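Novice: The structure's right below; bear with me while I get my questions together.
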Amino acid sequence: MAQANLATPTDLNDNKLKDVAQALNRILADSYALYLKTKNFHWHVSGPHFRDYHLMLDEQAAAILATTDDIAERVRKTGGTTLRSIGDIARHQTIRDNDEEFVSAADMLTELREDNLKLVEALREAKEAAEAAGDNATDGLLDDWTDQAEERAWFLFEAGRTG
């Protein structure tokens with residue numbers, strides 16, 4: 001009954017849009033997981049490059065969080081439903097949490113780089129689903145989000161180089 005109340009008019013194929021919504025909800029869950037991990041590392045980074053890493057991680061966390069509303073709204077614009085709680089995020093996320101008491105700065109950068117690259121993979125998979133559904137708007141947004149995640153991975157790689 002509640003589903004009918006959320007019906008959103010769209011001219012896109014309903015079955016293929018379900019694949020897009022599922023892909024976007026995974027990306028949304030992973031974005032929240034990556035946001036919180038990035039903030040965690042921002043709060044707990046230490047060492048000789050503290051200031052640079054602290055500022056970079058704060059910028060990256062803000063950029064990740066800025067995409068979440070657009071991702072969720074895209075799901076809704078195409079008639080889907082999106083995540084509703086921390087538990088729902090946990091059920092959909094593929095990026096693993098890091099609850100360690102101490103993580104070295106170098107390990108933080110490496111882990112976040114790998115997580116951003118994992119997000120890039122999910123974004124590319126979602127792009128394929130959007131193309132199959134004829135969802136041009138989602139397709140275009142995914143290009144932007146992919147570029148942003150690739151840039152974060154690049155910055156993390158360069159900041160972590162030792163030679």
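Ligands are numbered from 1 in the order shown, chains are lettered A, B, ... in the order of the structure tokens, and residues start at 1 in each chain.
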Write out as an MDAnalysis selection string each polymer residue whose atoms come within 9 Å of Gln22 (chain A), counting only C-alpha atoms; drop sequence neighbours fewer than 5 positions from it.
Specialist: chainID A and resid 17 27 75 80 82 126
Novice: Please identify every residue of region 70-148 of chain A that has at least one atom no farther than 12 Å from an atom of region 58-62 of chain A, counting only C-alpha atoms, and for each give the shortest atom pair and the distance in Å to one decimal, arranged by chain then increasing number, as CSV.
Specialist:
```
residue,atom,partner,partner_atom,distance
A:Leu109,CA,A:Gln60,CA,11.7
A:Leu112,CA,A:Gln60,CA,10.1
A:Arg113,CA,A:Gln60,CA,11.2
A:Asn116,CA,A:Gln60,CA,10.5
A:Gln148,CA,A:Gln60,CA,9.4
```
Novice: So, counting only C-alpha atoms, which residue among A:Met108, A:Ala72, A:Ile86, A:Ala21 is closest to Gly47 (chain A)?
Specialist: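 Closest candidate: A:Met108.
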Novice: Run DSSP on the backbone and tell me which residues of region 28-137 of chain A come out as alpha helix (DSSP H); list them as an MDAnalysis selection string.
Specialist: chainID A and resid 28:44 50:77 86:92 105:133 136:137
Novice: Could you name the residues that touch Lys39 (chain A) at 12 Å or less, counting only C-alpha atoms, but leaving out those on the same chain fewer than 2 positions away, as a PyMOL selection string?
Specialist: chain A and resi 32-37+41-45+53-65+97-98+108+112
Novice: I'd like the contact shell of Gly160 (chain A) - 9 Å cut-off, only C-alpha atoms, skipping same-chain residues fewer than 5 positions apart - returned as a ChimeraX atom specification.
Specialist: /A:105-107,109-110,155
Novice: With distances taken over only C-alpha atoms, which residue among A:Asp99, A:Lys118, A:Leu156, A:Asp143 lies nearest Ala130 (chain A)?
Specialist: A:Asp143
Novice: From the set A:Thr81, A:Ala66, A:Val20, A:Val120, which residue has the shortest atom-to-atom contact distance to Ala153 (chain A), counting only C-alpha atoms?
Specialist: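 Closest residue, counting only C-alpha atoms: A:Val120.
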Novice: For each of A:Thr78, A:Val103, A:Thr138, A:Ala159, take the minimum atom-to-atom distance to Asp14 (chain A), counting only C-alpha atoms, then give the residue where this is smallest.
Specialist: A:Thr78
Novice: So which one's closest to Thr94 (chain A), A:Asp147, A:Glu73, A:Asp19, A:Glu121? Using only C-alpha atoms, please.
Specialist: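 Ranking A:Asp147, A:Glu73, A:Asp19, A:Glu121 by distance to Thr94 (chain A), first place goes to A:Glu121.
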Novice: Which of these, A:Phe102, A:Arg84, A:Asp70, A:Glu150, has the shortest distance to Ser46 (chain A) once you count only C-alpha atoms?
Specialist: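 Nearest candidate to Ser46 (chain A) out of A:Phe102, A:Arg84, A:Asp70, A:Glu150: A:Phe102.
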